[in-house]
Amino acid sequence: MEAEKIAAKAVKQEKALAKLQEKFALSSPEFAKFLKLQAEQQKKITDMWAQVKDALVEAGYFDVIENNDFRISVSKVVGFKVEDIEKLPEAYTETIKVAKTDKIKQHIELYEELPDGVVDNSYYRLNKKIKG
């Protein structure tokens, strides 16, 4: 089967890449040090940017800061979760018609056809686990 041949080729390439990374890390102490340093530095940089954001928010500073090296600003992303819809004023609610997807699925399984008003959007997912 063609798919199996392609999958075997992909797995072979993934394993080869993993071996190559391991070989470089084992054969070159400098490369292994670089990988470790890279991960450490990336974490430090991420932490510093978080500190910058926190400091600007605490100071209530929401203007743009710009120089030759960077341009930064902080903006609030509004998000919320309705905890009790019954407490909301009527102006913020509406009654909507909702499809009962479990009933539709039962109909499809029972009659092997889609009910009126439903279109098929099924898809195939590749489940992959590389061994060894």
# chains A, B, ... in the order shown; residues from 1 in each chain; ligands from 1
>>> select_by_dssp(residues="stretch 6-100 of chain A", states="helix (DSSP H, G or I)", output="PyMOL selection string")
chain A and resi 6-27+29-59+85-87+90-92
>>> write_last_selection(atoms="C-alpha atoms", output="mmCIF file, in the first residue's frame")
data_model
loop_
_atom_site.group_PDB
_atom_site.id
_atom_site.type_symbol
_atom_site.label_atom_id
_atom_site.label_comp_id
_atom_site.auth_asym_id
_atom_site.auth_seq_id
_atom_site.Cartn_x
_atom_site.Cartn_y
_atom_site.Cartn_z
ATOM 1 C CA ILE A 6 5.307 6.815 2.609
ATOM 2 C CA ALA A 7 4.791 6.333 6.363
ATOM 3 C CA ALA A 8 7.810 4.018 6.548
ATOM 4 C CA LYS A 9 9.902 6.633 4.751
ATOM 5 C CA ALA A 10 8.698 9.382 7.123
ATOM 6 C CA VAL A 11 9.472 7.262 10.193
ATOM 7 C CA LYS A 12 12.924 6.468 8.791
ATOM 8 C CA GLN A 13 13.635 10.178 8.328
ATOM 9 C CA GLU A 14 12.375 11.080 11.823
ATOM 10 C CA LYS A 15 14.573 8.393 13.389
ATOM 11 C CA ALA A 16 17.568 9.507 11.319
ATOM 12 C CA LEU A 17 17.094 13.080 12.491
ATOM 13 C CA ALA A 18 16.868 11.970 16.125
ATOM 14 C CA LYS A 19 20.068 9.923 15.729
ATOM 15 C CA LEU A 20 21.815 12.862 14.095
ATOM 16 C CA GLN A 21 20.865 15.197 16.946
ATOM 17 C CA GLU A 22 22.047 12.622 19.470
ATOM 18 C CA LYS A 23 25.297 12.056 17.546
ATOM 19 C CA PHE A 24 26.128 15.763 17.486
ATOM 20 C CA ALA A 25 25.328 16.150 21.161
ATOM 21 C CA LEU A 26 27.441 13.123 22.090
ATOM 22 C CA SER A 27 30.344 13.693 19.705
ATOM 23 C CA PRO A 29 30.745 18.607 23.928
ATOM 24 C CA GLU A 30 30.538 22.190 22.607
ATOM 25 C CA PHE A 31 27.335 21.429 20.738
ATOM 26 C CA ALA A 32 25.813 19.765 23.799
ATOM 27 C CA LYS A 33 26.789 22.834 25.871
ATOM 28 C CA PHE A 34 25.281 25.093 23.234
ATOM 29 C CA LEU A 35 21.955 23.246 23.307
ATOM 30 C CA LYS A 36 21.832 23.465 27.093
ATOM 31 C CA LEU A 37 22.830 27.139 27.110
ATOM 32 C CA GLN A 38 20.297 27.903 24.375
ATOM 33 C CA ALA A 39 17.454 26.413 26.433
ATOM 34 C CA GLU A 40 18.579 28.238 29.590
ATOM 35 C CA GLN A 41 18.930 31.570 27.803
ATOM 36 C CA GLN A 42 15.558 31.225 26.093
ATOM 37 C CA LYS A 43 13.907 30.683 29.485
ATOM 38 C CA LYS A 44 15.699 33.739 30.916
ATOM 39 C CA ILE A 45 14.621 35.868 27.962
ATOM 40 C CA THR A 46 11.008 34.713 28.307
ATOM 41 C CA ASP A 47 11.127 35.527 32.032
ATOM 42 C CA MET A 48 12.575 39.001 31.350
ATOM 43 C CA TRP A 49 9.789 39.831 28.892
ATOM 44 C CA ALA A 50 7.241 38.712 31.484
ATOM 45 C CA GLN A 51 8.921 41.044 34.015
ATOM 46 C CA VAL A 52 8.738 43.924 31.524
ATOM 47 C CA LYS A 53 5.027 43.299 30.975
ATOM 48 C CA ASP A 54 4.333 43.007 34.719
ATOM 49 C CA ALA A 55 6.256 46.217 35.487
ATOM 50 C CA LEU A 56 4.375 48.175 32.817
ATOM 51 C CA VAL A 57 1.004 46.887 34.022
ATOM 52 C CA GLU A 58 1.824 47.636 37.678
ATOM 53 C CA ALA A 59 2.883 51.166 36.698
ATOM 54 C CA ILE A 85 -26.640 33.452 32.921
ATOM 55 C CA GLU A 86 -29.806 33.832 35.007
ATOM 56 C CA LYS A 87 -28.334 36.918 36.739
ATOM 57 C CA GLU A 90 -32.161 40.547 29.580
ATOM 58 C CA ALA A 91 -30.406 42.983 27.249
ATOM 59 C CA TYR A 92 -27.330 40.723 27.381
#
>>> residues_around(residues="stretch 100-110 of chain A", least_positions_apart="4", cutoff="12 Å", atoms="only C-alpha atoms", output="count of residues only")
8
>>> atom_distance(atom1="atom CA of A:Tyr61", atom2="atom CA of A:Val74")
7.8 Å
>>> select_by_dssp(residues="stretch 2-132 of chain A", states="strand (DSSP E)", output="PyMOL selection string")
chain A and resi 65-66+71-72
>>> write_last_selection(atoms="C-alpha atoms", output="PDB file, in the first residue's frame")
ATOM      1  CA  ILE A  65       8.058  52.656  24.380  1.00  0.00           C
ATOM      2  CA  GLU A  66      10.332  52.876  21.380  1.00  0.00           C
ATOM      3  CA  ARG A  71       9.109  49.011  20.181  1.00  0.00           C
ATOM      4  CA  ILE A  72       6.931  47.669  22.983  1.00  0.00           C
TER       5      ILE A  72
END
>>> atom_distance(atom1="atom CA of A:Lys81", atom2="atom CA of A:Thr93")
13.7 Å
>>> atom_distance(atom1="atom CA of A:Ser75", atom2="atom CA of A:Gly60")
10.5 Å
